[in-house]
Structure formats: structure tokens, C-alpha cells
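A.B. asks: Could you have a look at this structure, given as C-alpha cells, before my questions?
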Amino acid sequence: MSGFPLEDLSSFRARAIYIAERIETRSLETASVLGITPLTFTAGESGCAVVFRYGVVVLFNLSALEEVSFLRQLEGLLSQRFEHADAEELEIRVQADGREGMKGSRCYLKEVDLERIQVIAEILARNAVLTHYEPRVAEAFDSIEPLAVEIKGRGRYHKRAKELLSHIGESLLIEQKMVGRVEVGEKPEVLWDSPALEGLYGRLEDEYELRERQIALERKLALISRTAETVLDLLQTWRALRVEWYIVILIVFEIILTLYEMFVKGH
């Protein structure tokens with residue numbers, strides 16, 4: 001693509017920032033748009049930025065001041081901005097010979113164009129989301145078993161059951177974000193228009209272990225939900241049985257009272 005901001009560079013850095021739960025991309029200025037899927041803009045003196053509606057911004061060849069300036073433009077478009085945004089950097093080098101992909105901690109490209117930048121942005125954005133949610137799911141996963149054992153052992157509903165409901169809600173919310181918004185396991189749209197870059201995407205996907213991490217995350221989320229739902233079902237069963245026993249006791253008491261009135265007061 002002629003005039004692409006990064007095309008004359010031999011090396012530059014990419015920085016992915018998971019800044020908020022959502023970015024209202026429809027409200028972004030379109031004057032500096034380079035590409036639509038995903039949204040890519042010129043930024044800084046000789047850089048660009050890729051913005052994803054699920055809250056990730058990937059910046060290429062921006063200085064610290066340029067980064068601050070660009071992110072400031074997004075402030076009014078952010079929903080539930082994170083207090084501490086997760087960020088990760090990648091060094092990119094241009095090398096005409098050799099296979100494109102990761103070598104050590106660097107990513108090598110044969111050339112720099114819009115589509116390659118978008119492929120790298122897709123990888124870094126999905127990696128940022130996984131990195132954000134992995135410790136949260138791990139924490140919930142580690143806490144769900146002892147919590148379930150405690151509630152099951154007591155055999156009655158108590159205040160800690162609310163934590164199970166919280167875990168279910170959080171798990172469903174994370175799953176909805178991973179599947180409905182980010183689509184970590186799906187083929188990005190840029191590859192439909194540029195199938196020649198599928199090899200590059202596949203190698204980067206393997207390097208960051210996106211599929212494996214997504215599967216591991218989904219399994220943990222499913223187990224958290226199943227465990228919590230099973231224990232809550234037990235709690236509801238115990239509550240139903242307790243109500244039934246109350247009814248039986250009331251009936252027995254009423255029978256005893258009736259017999260008392262018949263045989264004691266009757267004489």
C-alpha cells in the first residue's frame with residue numbers, strides 16, 4: 001500500500017494495551033483511517049494505531065508522548081476503563097529473506113504493509129485479553145473447590161453461597177466477552193481478504209499459544225460454572241427438604257393437638 005506510515009522502517013515496536021471493557025469505535029474520527037477491519041488509524045509522526053471495540057488498542061512506532069496523546073483522544077469513548085491497564089510490547093524487524101514470524105522475542109516481516117500490521121494487531125490484542133482474564137479465572141478456579149466443600153459439608157444455605165453465585169456470574173460474563181466480543185478462536189477478517197498471510201497468522205498464533213490458552217480458559221470456566229451450579233442445586237434441595245420437614249412437624253403437631261382435644265378435654 002503506497003504511503004503506509006511504517007513502510008520505510010527497518011524496525012519498530014508494537015505496544016498492545018487492554019485499556020477498557022469497551023471502546024465505542026463508531027464514534028471515532030474517520031479522517032485518518034487506514035483500514036476498517038480492524039479499525040486502523042495513522043497516529044503520531046510516523047506510526048499507526050489499531051483499535052478494537054472490545055477494549056484493546058495496539059500502537060505501532062509511537063513515542064511515549066504520542067501514545068499519551070492518542071489515548072487521550074479515546075477517553076470519552078471508553079466504557080469501564082481499567083485502573084491498571086495491561087500492556088505488552090513486541091519488537092518488529094523487516095527482513096526481506098527468510099520466513100515471517102517469531103524468532104526469539106522478535107517478529108520478522110518480509111515487508112511492512114497494512115494487512116501485516118493488522119495481523120500482528122489481532123494477535124497482540126487477543127493475547128492481551130487472555131493475559132487479562134487468565135489470573136482472574138485461575139483465582140476463581142482455585143477458590144471454588146474449598147468453597148463448595150465447605151457449603152456441602154455444612155449441609156445448609158449460608159452467606160458464603162452468595163460467593164458461588166458471584167463466581168457463576170463472573171464466569172458467564174468472562175465467557176460472554178471471550179466468545180461474543182473477542183472471538184479468540186475465530187479467523188480474523190483480514191485473512192479473508194489476504195489469505196496469503198494465513199501462514200504468518202498461524203505461526204504467531206502458535207507462538208502465543210492462543211488456542212491452547214483459550215481452551216484451557218474455557219475448560220476452567222465451564223468447571224467453575226458446573227461446580228457452582230451443582231452445589232447450589234444441593235442447597236436448594238436441602239432447603240426444599242427442610243420445608244417438607246417443617247410441614248410434617250406441623251401436621252404431626254396438629255394431629256397431637258386434635259387427639260389431645262378429643263381424648264383429654266372430651267372426658
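Ligands are numbered from 1 in the order shown, residues from 1 within each chain, and chains are lettered A, B, ... in the order they appear in the C-alpha cells.
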What lies within 12 Å of A:Glu209 using only C-alpha atoms, ignoring chain neighbours under 3 positions off, as a PyMOL selection string?
C.D. replies: chain A and resi 123-124+126-127+130-131+184-185+201-206+212-216
A.B. asks: Could you check which of A:Arg53, A:Lys103, A:Arg93, A:Arg13 is closest to A:Arg26, using only C-alpha atoms?
C.D. replies: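 Between A:Arg53, A:Lys103, A:Arg93, A:Arg13, the residue approaching A:Arg26 most closely is A:Arg53.
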A.B. asks: Would you please work out which residue, of A:Glu229, A:Glu189, A:Glu122, A:Glu21, is nearest to A:Tyr208 when using only C-alpha atoms?
C.D. replies: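 Closest candidate: A:Glu122.
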A.B. asks: DSSP says helix (DSSP H, G or I) for which residues of stretch 4-236 of chain A? Put them as JSON, numbers by chain?
C.D. replies: {"A": [25, 26, 27, 64, 65, 66, 67, 68, 69, 70, 71, 72, 73, 74, 75, 76, 77, 114, 115, 116, 117, 118, 119, 120, 121, 122, 123, 124, 125, 126, 127, 128, 129, 130, 131, 132, 133, 134, 135, 136, 137, 138, 139, 140, 141, 142, 143, 144, 145, 146, 147, 148, 149, 150, 151, 152, 153, 154, 161, 162, 163, 164, 165, 166, 167, 168, 169, 170, 171, 172, 173, 174, 175, 176, 177, 178, 179, 180, 181, 182, 189, 190, 191, 192, 193, 195, 196, 197, 198, 199, 200, 201, 202, 203, 204, 205, 206, 207, 210, 211, 212, 213, 214, 215, 216, 217, 218, 219, 220, 221, 222, 223, 224, 225, 226, 227, 228, 229, 230, 231, 232, 233, 234, 235, 236]}
A.B. asks: Rounded to one decimal place, report the atom CA of A:Ser46-atom CA of A:Val68 distance in Å.
C.D. replies: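 Pair atom CA of A:Ser46 / atom CA of A:Val68 returns 15.3 Å.
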A.B. asks: From the set A:Val137, A:Glu186, A:Tyr18, A:Asp193, which residue has the shortest atom-to-atom contact distance to A:Glu218, counting only C-alpha atoms?
C.D. replies: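 The answer is A:Val137, which sits nearest to A:Glu218.
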A.B. asks: Would you mind telling me which residue in A:Val190, A:Val94, A:Ala64, A:Leu210 lies nearest to A:Asp8 when using only C-alpha atoms?
C.D. replies: A:Val94
A.B. asks: What does the distance from atom CA of A:Tyr54 to atom CA of A:Ser171 come to in Å, to one decimal?
C.D. replies: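 So the answer is 17.3 Å.
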A.B. asks: Taking the DSSP secondary structure from the backbone, can you list the residues of stretch 31-144 of chain A that are strand (DSSP E), as an MDAnalysis selection string?
C.D. replies: chainID A and resid 33:35 39:43 47:51 56:60 78:94 101:103 106:109
A.B. asks: Can I get the selected residues back with C-alpha atoms, as a JSON list (two decimals), in the first residue's frame?
C.D. replies:
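Done, and the output landed in selection-v1.json:
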[["chain", "number", "residue", "atom", "x", "y", "z"],
["A", 33, "VAL", "CA", -8.47, 5.78, 8.83],
["A", 34, "LEU", "CA", -6.16, 3.37, 7.00],
["A", 35, "GLY", "CA", -8.27, 0.23, 7.31],
["A", 39, "LEU", "CA", -10.01, -0.16, 12.55],
["A", 40, "THR", "CA", -6.55, 1.20, 11.77],
["A", 41, "PHE", "CA", -5.53, 4.85, 12.00],
["A", 42, "THR", "CA", -2.46, 6.94, 11.35],
["A", 43, "ALA", "CA", -1.05, 8.12, 14.68],
["A", 47, "GLY", "CA", 3.08, 5.45, 13.32],
["A", 48, "CYS", "CA", -0.35, 3.89, 13.38],
["A", 49, "ALA", "CA", -2.88, 2.52, 15.85],
["A", 50, "VAL", "CA", -5.33, -0.36, 15.65],
["A", 51, "VAL", "CA", -8.43, -0.02, 17.83],
["A", 56, "VAL", "CA", -7.69, -3.13, 23.21],
["A", 57, "VAL", "CA", -5.52, -0.59, 21.42],
["A", 58, "VAL", "CA", -2.38, -1.70, 19.56],
["A", 59, "LEU", "CA", 0.10, 1.09, 18.85],
["A", 60, "PHE", "CA", 2.92, 0.88, 16.30],
["A", 78, "LEU", "CA", -14.19, 4.21, 26.84],
["A", 79, "SER", "CA", -16.64, 2.13, 28.85],
["A", 80, "GLN", "CA", -15.42, 0.86, 32.25],
["A", 81, "ARG", "CA", -11.82, 1.94, 31.86],
["A", 82, "PHE", "CA", -9.38, -0.21, 33.82],
["A", 83, "GLU", "CA", -7.49, 1.41, 36.66],
["A", 84, "HIS", "CA", -4.40, -0.59, 35.73],
["A", 85, "ALA", "CA", -4.27, -1.35, 32.01],
["A", 86, "ASP", "CA", -2.42, -4.50, 30.90],
["A", 87, "ALA", "CA", 0.24, -3.75, 28.27],
["A", 88, "GLU", "CA", 2.70, -5.84, 26.28],
["A", 89, "GLU", "CA", 5.36, -4.88, 23.74],
["A", 90, "LEU", "CA", 6.77, -6.60, 20.67],
["A", 91, "GLU", "CA", 9.80, -5.67, 18.60],
["A", 92, "ILE", "CA", 9.27, -5.95, 14.86],
["A", 93, "ARG", "CA", 12.05, -6.10, 12.28],
["A", 94, "VAL", "CA", 11.94, -6.10, 8.50],
["A", 101, "GLY", "CA", 7.18, -14.95, 12.15],
["A", 102, "MET", "CA", 8.78, -15.02, 15.57],
["A", 103, "LYS", "CA", 12.49, -15.58, 16.16],
["A", 106, "ARG", "CA", 11.23, -10.51, 17.85],
["A", 107, "CYS", "CA", 8.78, -10.71, 14.97],
["A", 108, "TYR", "CA", 10.28, -10.64, 11.47],
["A", 109, "LEU", "CA", 8.39, -9.46, 8.39]]
A.B. asks: Could you check the closest approach to A:Arg219 for each of A:Pro146, A:Ala138, A:Glu170, A:Glu198 and tell me which residue wins, using only C-alpha atoms?
C.D. replies: A:Ala138
A.B. asks: Please identify all polymer residues within 10 Å of A:Glu45, counting only C-alpha atoms, omitting same-chain residues fewer than 3 positions from it, and present them as a list in words.
C.D. replies: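 Listed by chain and then number, they are Pro5, Thr42, Cys48, Asn61, Leu62, Ser63 and Glu66 of chain A.
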A.B. asks: Atoms to include: N, CA and C atoms. Write the selected residues as a PDB file, in the first residue's frame.
C.D. replies:
ATOM      1  N   PRO A   5       2.387   4.452   6.695  1.00  0.00           N
ATOM      2  CA  PRO A   5       3.309   5.138   7.609  1.00  0.00           C
ATOM      3  C   PRO A   5       4.575   4.375   7.971  1.00  0.00           C
ATOM      4  N   THR A  42      -3.778   6.336  11.224  1.00  0.00           N
ATOM      5  CA  THR A  42      -2.462   6.943  11.354  1.00  0.00           C
ATOM      6  C   THR A  42      -2.390   7.581  12.735  1.00  0.00           C
ATOM      7  N   CYS A  48       1.070   4.179  13.566  1.00  0.00           N
ATOM      8  CA  CYS A  48      -0.349   3.891  13.382  1.00  0.00           C
ATOM      9  C   CYS A  48      -0.893   3.195  14.622  1.00  0.00           C
ATOM     10  N   ASN A  61       5.013   2.044  16.564  1.00  0.00           N
ATOM     11  CA  ASN A  61       6.003   3.104  16.355  1.00  0.00           C
ATOM     12  C   ASN A  61       5.555   4.459  16.919  1.00  0.00           C
ATOM     13  N   LEU A  62       4.984   4.439  18.101  1.00  0.00           N
ATOM     14  CA  LEU A  62       4.602   5.670  18.778  1.00  0.00           C
ATOM     15  C   LEU A  62       5.531   5.922  19.961  1.00  0.00           C
ATOM     16  N   SER A  63       5.935   7.171  20.120  1.00  0.00           N
ATOM     17  CA  SER A  63       6.716   7.541  21.298  1.00  0.00           C
ATOM     18  C   SER A  63       5.791   7.595  22.508  1.00  0.00           C
ATOM     19  N   GLU A  66       3.438  10.508  22.169  1.00  0.00           N
ATOM     20  CA  GLU A  66       2.431  10.255  21.128  1.00  0.00           C
ATOM     21  C   GLU A  66       1.389   9.257  21.614  1.00  0.00           C
TER      22      GLU A  66
END
A.B. asks: Can you measure atom CA of A:Gly3 to atom CA of A:Ala196 for me? One decimal in Å is fine.
C.D. replies: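 Straight-line distance from atom CA of A:Gly3 to atom CA of A:Ala196 works out to 21.5 Å.
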A.B. asks: Which residue gives the smallest distance to A:Ala140 among A:Gln73, A:Gln118, A:Ser225, A:Gln95, with only C-alpha atoms counted?
C.D. replies: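 Smallest separation from A:Ala140 among the options: A:Ser225.
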A.B. asks: Name the residues in contact with A:Gly55 at a cut-off of 7 Å, using only C-alpha atoms, excluding same-chain residues fewer than 3 positions from it; report them as a PyMOL selection string.
C.D. replies: chain A and resi 18-23+52
